[in-house]
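Shown next: input36.txt, containing compact mmCIF, C-alpha atoms and all ligand atoms.
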```
# COMPACT_ATOMS: atom_id res chain seq x y z
CA MET A 29 -11.11 -13.52 13.44
CA ILE A 30 -14.41 -12.25 12.11
CA GLU A 31 -15.99 -13.93 9.11
CA ARG A 32 -15.58 -10.89 6.86
CA ILE A 33 -11.80 -10.92 7.28
CA LYS A 34 -11.62 -14.69 6.83
CA ASN A 35 -13.69 -14.45 3.66
CA THR A 36 -11.48 -11.67 2.26
CA MET A 37 -8.34 -13.69 3.00
CA ARG A 38 -9.81 -16.78 1.36
CA ASN A 39 -10.64 -14.81 -1.78
CA LEU A 40 -7.22 -13.11 -1.91
CA GLU A 41 -5.59 -16.55 -1.72
CA LYS A 42 -7.95 -17.90 -4.34
CA ASN A 43 -6.73 -15.06 -6.58
CA GLY A 44 -3.14 -16.19 -6.12
CA PHE A 45 -1.91 -13.70 -3.51
CA GLU A 46 -0.02 -14.84 -0.45
CA VAL A 47 -1.73 -13.52 2.68
CA ARG A 48 -0.35 -13.35 6.19
CA TYR A 49 -2.57 -12.28 9.07
CA PHE A 50 -1.32 -10.45 12.16
CA GLU A 51 -3.21 -9.40 15.27
CA ASN A 52 -1.15 -6.22 15.60
CA GLU A 53 1.46 -4.08 13.87
CA PHE A 54 4.26 -5.24 16.16
CA SER A 55 4.04 -8.86 15.08
CA ALA A 56 3.82 -7.72 11.44
CA VAL A 57 7.00 -5.67 11.79
CA ASP A 58 8.80 -8.63 13.45
CA SER A 59 7.84 -10.84 10.55
CA LEU A 60 8.97 -8.29 7.95
CA LEU A 61 12.35 -7.95 9.63
CA LYS A 62 12.77 -11.72 9.44
CA ASP A 63 11.60 -11.90 5.85
CA ILE A 64 13.80 -9.12 4.41
CA SER A 65 17.51 -9.71 4.88
CA ALA A 66 20.22 -7.18 5.66
CA TYR A 67 21.69 -7.90 2.22
CA GLU A 68 18.63 -6.87 0.26
CA SER A 69 17.56 -3.53 -1.15
CA VAL A 70 14.05 -2.31 -0.35
CA GLY A 71 12.00 0.32 -2.15
CA PHE A 72 9.05 2.08 -0.54
CA GLY A 73 5.85 3.46 -2.01
CA GLY A 74 4.03 6.41 -0.48
CA SER A 75 1.95 5.03 2.39
CA MET A 76 0.82 6.27 5.77
CA THR A 77 0.46 2.68 6.98
CA VAL A 78 4.09 1.89 6.16
CA SER A 79 5.18 5.22 7.61
CA ASP A 80 3.33 4.56 10.88
CA LEU A 81 5.07 1.19 11.28
CA SER A 82 8.55 2.88 11.24
CA ILE A 83 9.76 -0.07 9.21
CA TYR A 84 12.05 2.12 7.07
CA ASP A 85 14.22 2.97 10.07
CA LYS A 86 14.17 -0.60 11.36
CA LEU A 87 15.26 -2.08 8.03
CA ALA A 88 17.98 0.55 7.67
CA LYS A 89 19.19 -0.28 11.18
CA GLN A 90 19.49 -3.96 10.37
CA GLY A 91 21.60 -3.06 7.31
CA SER A 92 19.13 -3.34 4.41
CA THR A 93 19.56 -0.73 1.68
CA VAL A 94 16.40 1.38 1.76
CA TYR A 95 14.99 3.80 -0.83
CA TRP A 96 12.03 6.05 -0.08
CA HIS A 97 11.27 9.33 -1.77
CA GLN A 98 9.30 10.47 1.31
CA LYS A 99 12.60 10.51 3.20
CA LYS A 100 14.54 12.27 0.43
CA PRO A 101 12.39 15.18 -0.82
CA ASP A 102 15.45 16.95 -2.29
CA ASP A 103 16.41 13.89 -4.34
CA ARG A 104 12.89 12.67 -5.08
CA ALA A 105 13.18 11.70 -8.76
CA ALA A 106 16.42 9.76 -8.32
CA GLU A 107 15.13 8.04 -5.19
CA LEU A 108 11.95 6.97 -7.01
CA GLY A 109 14.20 5.41 -9.68
CA ARG A 110 16.30 3.58 -7.12
CA ALA A 111 13.19 2.28 -5.32
CA ALA A 112 11.85 0.97 -8.64
CA THR A 113 14.81 -1.41 -9.00
CA ALA A 114 15.02 -2.68 -5.41
CA THR A 115 14.73 -6.41 -4.71
CA ALA A 116 11.79 -5.99 -2.36
CA TYR A 117 9.10 -3.30 -2.32
CA LEU A 118 6.91 -2.19 0.57
CA THR A 119 3.73 -0.23 0.23
CA GLY A 120 0.14 0.03 1.41
CA THR A 121 -3.03 -0.37 -0.60
CA ASN A 122 -5.94 2.02 -0.94
CA ALA A 123 -8.48 -0.79 -0.65
CA ILE A 124 -8.98 -4.55 -0.64
CA THR A 125 -12.31 -5.88 -1.85
CA GLU A 126 -13.97 -8.79 -0.10
CA ASP A 127 -13.77 -10.75 -3.33
CA GLY A 128 -9.97 -10.51 -3.17
CA ARG A 129 -8.87 -7.59 -5.36
CA LEU A 130 -6.39 -4.84 -4.57
CA VAL A 131 -7.48 -1.35 -5.63
CA ASN A 132 -5.08 1.56 -5.91
CA ILE A 133 -5.05 5.09 -7.29
CA ASP A 134 -1.78 6.79 -8.06
CA GLY A 135 -0.71 10.26 -9.12
CA THR A 136 2.93 9.59 -9.98
CA GLY A 137 2.58 5.93 -10.95
CA ASN A 138 5.58 4.61 -9.00
CA ARG A 139 3.47 2.64 -6.53
CA THR A 140 1.13 1.06 -9.04
CA SER A 141 3.92 0.15 -11.49
CA SER A 142 5.93 -1.47 -8.69
CA MET A 143 2.94 -3.63 -7.79
CA LEU A 144 3.10 -5.09 -11.29
CA PHE A 145 6.74 -5.50 -12.24
CA GLY A 146 10.38 -4.99 -11.33
CA HIS A 147 10.75 -6.59 -7.90
CA ASP A 148 11.29 -10.05 -6.52
CA ARG A 149 8.67 -9.51 -3.81
CA VAL A 150 6.10 -6.81 -3.09
CA TYR A 151 4.80 -6.54 0.46
CA ILE A 152 1.39 -4.89 0.77
CA ILE A 153 0.80 -3.76 4.33
CA ALA A 154 -2.83 -3.10 5.22
CA GLY A 155 -5.08 -2.68 8.22
CA VAL A 156 -8.50 -4.33 8.15
CA ASN A 157 -10.04 -0.87 7.72
CA LYS A 158 -8.99 -1.12 4.04
CA ILE A 159 -11.46 -3.93 3.35
CA ALA A 160 -14.36 -2.80 1.18
CA ARG A 161 -17.47 -4.79 0.32
CA ASN A 162 -17.00 -4.44 -3.42
CA LEU A 163 -15.31 -2.36 -6.12
CA ASP A 164 -17.87 0.46 -5.94
CA GLU A 165 -17.42 0.82 -2.19
CA ALA A 166 -13.63 0.70 -2.64
CA MET A 167 -13.66 3.55 -5.17
CA ILE A 168 -16.05 5.67 -3.09
CA ARG A 169 -13.86 5.17 -0.05
CA ILE A 170 -10.65 6.00 -1.92
CA LYS A 171 -11.99 9.15 -3.56
CA ASN A 172 -13.90 10.53 -0.59
CA VAL A 173 -11.89 9.36 2.41
CA ALA A 174 -8.30 8.53 1.39
CA CYS A 175 -7.79 11.20 -1.27
CA PRO A 176 -8.98 14.17 0.83
CA LYS A 177 -6.69 13.08 3.67
CA ASN A 178 -3.74 12.46 1.37
CA ALA A 179 -4.31 15.83 -0.31
CA GLU A 180 -4.26 17.49 3.09
CA ARG A 181 -1.10 15.59 4.11
CA LEU A 182 0.67 16.53 0.87
CA LYS A 183 -0.81 20.07 0.78
CA LEU A 184 -2.17 19.55 -2.72
CA ASP A 185 -4.46 22.13 -4.26
CA THR A 186 -7.29 19.74 -5.17
CA PRO A 187 -11.05 20.09 -4.57
CA CYS A 188 -11.12 16.97 -2.38
CA ARG A 189 -8.72 18.61 0.04
CA HIS A 190 -10.96 21.65 0.45
CA LEU A 191 -14.40 20.01 0.16
CA GLY A 192 -13.73 16.57 1.64
CA LYS A 193 -15.11 14.81 -1.42
CA CYS A 194 -14.11 14.08 -5.00
CA MET A 195 -15.08 16.51 -7.77
CA ASN A 196 -13.33 14.55 -10.56
CA CYS A 197 -11.01 17.49 -10.93
CA ASP A 198 -8.66 18.78 -13.62
CA SER A 199 -6.21 20.07 -11.05
CA PRO A 200 -2.53 19.92 -12.09
CA GLN A 201 -2.00 18.32 -8.68
CA ARG A 202 -4.67 15.64 -9.23
CA MET A 203 -3.76 12.37 -7.48
CA CYS A 204 -6.08 10.18 -9.51
CA ASN A 205 -4.06 9.72 -12.68
CA ALA A 206 -3.87 5.92 -12.69
CA THR A 207 -6.17 3.31 -11.23
CA LEU A 208 -4.83 -0.21 -10.79
CA ILE A 209 -7.10 -3.11 -9.92
CA LEU A 210 -5.07 -6.23 -9.24
CA GLU A 211 -7.53 -9.03 -9.85
CA ARG A 212 -5.00 -11.83 -9.63
CA GLN A 213 -1.36 -12.29 -8.71
CA PRO A 214 0.68 -10.91 -11.67
CA ARG A 215 3.12 -13.36 -13.29
CA SER A 216 6.43 -11.54 -12.71
CA VAL A 217 6.22 -10.50 -9.08
CA LYS A 218 5.36 -12.24 -5.82
CA ILE A 219 2.79 -10.25 -3.86
CA ILE A 220 2.61 -10.89 -0.14
CA ILE A 221 -0.22 -9.18 1.74
CA TYR A 222 0.29 -8.43 5.41
CA LEU A 223 -3.22 -8.01 6.78
CA ILE A 224 -3.18 -6.50 10.27
CA ASN A 225 -6.19 -6.55 12.59
CA GLU A 226 -6.00 -2.81 13.29
CA ASN A 227 -7.11 0.42 11.66
CA LEU A 228 -4.02 1.71 9.85
CA GLY A 229 -3.51 4.54 7.38
CA TYR A 230 -6.47 5.87 5.42
S1 LIG B 301 -10.10 13.43 -8.98
FE1 LIG B 301 -9.31 15.30 -7.99
S2 LIG B 301 -10.89 15.85 -6.49
FE2 LIG B 301 -11.22 13.71 -7.05
S3 LIG B 301 -10.14 12.56 -5.48
FE3 LIG B 301 -8.78 12.77 -7.27
S4 LIG B 301 -7.55 14.58 -6.80
FE4 LIG B 301 -9.33 14.63 -5.45
```
As structure tokens, please, write out the structure in this file.
Ligand code: SF4
Amino acid sequence: MIERIKNTMRNLEKNGFEVRYFENEFSAVDSLLKDISAYESVGFGGSMTVSDLSIYDKLAKQGSTVYWHQKKPDDRAAELGRAATATAYLTGTNAITEDGRLVNIDGTGNRTSSMLFGHDRVYIIAGVNKIARNLDEAMIRIKNVACPKNAERLKLDTPCRHLGKCMNCDSPQRMCNATLILERQPRSVKIIIYLINENLGY
């Protein structure tokens, strides 16, 4: 494991987060399936990383009750509400700083609020490509790499989708309505970070 990843993990742990390291997505999925029982409910936040792991289908197959608005576009609002009350919550993160902070931008607010409260455990699934040197680099990466790609994926009419960079827009479809920087493990929820030694999501 390279020193940069080790250092980030050390700092995340120092900030109270539980961190588990995996060499690849397959071992991470195996571990998640062992950690989340068939008797638990699981909510999902919007995330390409989580989507790419196909963990929604695997948890549903083992009998867990799963809630993800990405899978229920016709029942989106109700599914967001159900996900918000699930025992466990799975999502990605926009960035992890080397000093051990989680940085996320949210348009709806479901993902960021679930990282703070309402669940027994929150699993943050992230590839090592999400590690940023510091908060400035994290924000630049989110606004100019992640947001343009998410806007394209979601077909949002935002400047970043068309120009490939942030224009701090006033678009009604703006994604950047809330910014959450988790500096330490919050009191009411257990955050478990699955750090995978691959490039996942964006
Ligand atoms: S503020 Fe607007 S243009 Fe900038 S990243 Fe967010 S949605 Fe895109």
Query raised in the report: Within 8 Å of region 55-63 of chain A, counting all atoms listed in the file, which residues qualify if same-chain residues fewer than 3 places away don't, as JSON, numbers by chain?
Result: {"A": [50, 51, 52, 81, 83, 86, 87, 222, 224]}
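The shortest atom-to-atom distance to Ala179 (chain A), with all atoms listed in the file taken into account, belongs to A:Cys194 out of A:Ile30, A:Cys194, A:Ala114, A:Met143.
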Listing only residues of chain A within 12 Å of ligand LIG 301 (chain B), what is the closest atom pair and its distance in Å (to one decimal) for each, using all atoms listed in the file, sorted by chain and residue number ascending, as JSON lines?
```
{"residue": "A:Asn132", "atom": "CA", "partner": "B:LIG301", "partner_atom": "FE3", "distance": 11.9}
{"residue": "A:Ile133", "atom": "CA", "partner": "B:LIG301", "partner_atom": "FE3", "distance": 8.5}
{"residue": "A:Asp134", "atom": "CA", "partner": "B:LIG301", "partner_atom": "FE3", "distance": 9.2}
{"residue": "A:Gly135", "atom": "CA", "partner": "B:LIG301", "partner_atom": "S4", "distance": 8.4}
{"residue": "A:Met167", "atom": "CA", "partner": "B:LIG301", "partner_atom": "S3", "distance": 9.7}
{"residue": "A:Ile168", "atom": "CA", "partner": "B:LIG301", "partner_atom": "S3", "distance": 9.4}
{"residue": "A:Arg169", "atom": "CA", "partner": "B:LIG301", "partner_atom": "S3", "distance": 9.9}
{"residue": "A:Ile170", "atom": "CA", "partner": "B:LIG301", "partner_atom": "S3", "distance": 7.5}
{"residue": "A:Lys171", "atom": "CA", "partner": "B:LIG301", "partner_atom": "S3", "distance": 4.3}
{"residue": "A:Asn172", "atom": "CA", "partner": "B:LIG301", "partner_atom": "S3", "distance": 6.5}
{"residue": "A:Val173", "atom": "CA", "partner": "B:LIG301", "partner_atom": "S3", "distance": 8.7}
{"residue": "A:Ala174", "atom": "CA", "partner": "B:LIG301", "partner_atom": "S3", "distance": 8.2}
{"residue": "A:Cys175", "atom": "CA", "partner": "B:LIG301", "partner_atom": "S3", "distance": 5.0}
{"residue": "A:Pro176", "atom": "CA", "partner": "B:LIG301", "partner_atom": "FE4", "distance": 6.3}
{"residue": "A:Lys177", "atom": "CA", "partner": "B:LIG301", "partner_atom": "FE4", "distance": 9.6}
{"residue": "A:Asn178", "atom": "CA", "partner": "B:LIG301", "partner_atom": "FE4", "distance": 9.1}
{"residue": "A:Ala179", "atom": "CA", "partner": "B:LIG301", "partner_atom": "FE4", "distance": 7.3}
{"residue": "A:Glu180", "atom": "CA", "partner": "B:LIG301", "partner_atom": "FE4", "distance": 10.3}
{"residue": "A:Leu182", "atom": "CA", "partner": "B:LIG301", "partner_atom": "S4", "distance": 11.4}
{"residue": "A:Lys183", "atom": "CA", "partner": "B:LIG301", "partner_atom": "S4", "distance": 11.5}
{"residue": "A:Leu184", "atom": "CA", "partner": "B:LIG301", "partner_atom": "S4", "distance": 8.4}
{"residue": "A:Asp185", "atom": "CA", "partner": "B:LIG301", "partner_atom": "S4", "distance": 8.5}
{"residue": "A:Thr186", "atom": "CA", "partner": "B:LIG301", "partner_atom": "S4", "distance": 5.4}
{"residue": "A:Pro187", "atom": "CA", "partner": "B:LIG301", "partner_atom": "S2", "distance": 4.7}
{"residue": "A:Cys188", "atom": "CA", "partner": "B:LIG301", "partner_atom": "FE4", "distance": 4.3}
{"residue": "A:Arg189", "atom": "CA", "partner": "B:LIG301", "partner_atom": "FE4", "distance": 6.8}
{"residue": "A:His190", "atom": "CA", "partner": "B:LIG301", "partner_atom": "S2", "distance": 9.0}
{"residue": "A:Leu191", "atom": "CA", "partner": "B:LIG301", "partner_atom": "S2", "distance": 8.6}
{"residue": "A:Gly192", "atom": "CA", "partner": "B:LIG301", "partner_atom": "FE4", "distance": 8.6}
{"residue": "A:Lys193", "atom": "CA", "partner": "B:LIG301", "partner_atom": "S2", "distance": 6.7}
{"residue": "A:Cys194", "atom": "CA", "partner": "B:LIG301", "partner_atom": "FE2", "distance": 3.6}
{"residue": "A:Met195", "atom": "CA", "partner": "B:LIG301", "partner_atom": "S2", "distance": 4.4}
{"residue": "A:Asn196", "atom": "CA", "partner": "B:LIG301", "partner_atom": "S1", "distance": 3.8}
{"residue": "A:Cys197", "atom": "CA", "partner": "B:LIG301", "partner_atom": "FE1", "distance": 4.0}
{"residue": "A:Asp198", "atom": "CA", "partner": "B:LIG301", "partner_atom": "FE1", "distance": 6.7}
{"residue": "A:Ser199", "atom": "CA", "partner": "B:LIG301", "partner_atom": "FE1", "distance": 6.5}
{"residue": "A:Pro200", "atom": "CA", "partner": "B:LIG301", "partner_atom": "S4", "distance": 9.0}
{"residue": "A:Gln201", "atom": "CA", "partner": "B:LIG301", "partner_atom": "S4", "distance": 7.0}
{"residue": "A:Arg202", "atom": "CA", "partner": "B:LIG301", "partner_atom": "S4", "distance": 3.9}
{"residue": "A:Met203", "atom": "CA", "partner": "B:LIG301", "partner_atom": "S4", "distance": 4.4}
{"residue": "A:Cys204", "atom": "CA", "partner": "B:LIG301", "partner_atom": "FE3", "distance": 4.4}
{"residue": "A:Asn205", "atom": "CA", "partner": "B:LIG301", "partner_atom": "FE3", "distance": 7.8}
{"residue": "A:Ala206", "atom": "CA", "partner": "B:LIG301", "partner_atom": "FE3", "distance": 10.0}
{"residue": "A:Thr207", "atom": "CA", "partner": "B:LIG301", "partner_atom": "FE3", "distance": 10.6}
```
Report task. Measuring atom to atom with all atoms listed in the file, identify which of A:Ala116, A:Val217, A:Val78, A:Ile33 is nearest to Gln98 (chain A). Result -> A:Val78
Requested in this report: For Thr77 (chain A), work out the shell of residues within 8 Å, counting all atoms listed in the file and skipping chain neighbours fewer than 6 positions away, then give it as a list in words.
Outcome: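 The filter keeps Gly120, Ile153, Ala154, Gly155, Leu228, Gly229 and Tyr230 of chain A.
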Query raised in the report: In Å, how far is it from CA of Tyr49 (chain A) to CA of Arg181 (chain A)?
Result: 28.3 Å
Query raised in the report: Taking into account all atoms listed in the file, which residue in the set A:Thr113, A:Phe72, A:Asn157, A:Thr121 is nearest to Lys99 (chain A)?
Result: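 Once distances to Lys99 (chain A) are computed over all atoms listed in the file, the minimum belongs to A:Phe72.
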Build an axis-aligned box that encloses every atom of region 62-76 of chain A listed in the file, pad it by 5 Å on each side, and report its centre and edge lengths in Å to one decimal, as lines of an AutoDock Vina configuration file.
```
center_x = 11.3
center_y = -2.7
center_z = 3.6
size_x = 30.9
size_y = 28.3
size_z = 21.6
```
Query raised in the report: Of the candidates A:Leu130, A:Ala112, A:Leu163, A:Ala88, which shows the shortest atom-to-atom distance to Asn43 (chain A), using all atoms listed in the file?
Result: A:Leu130
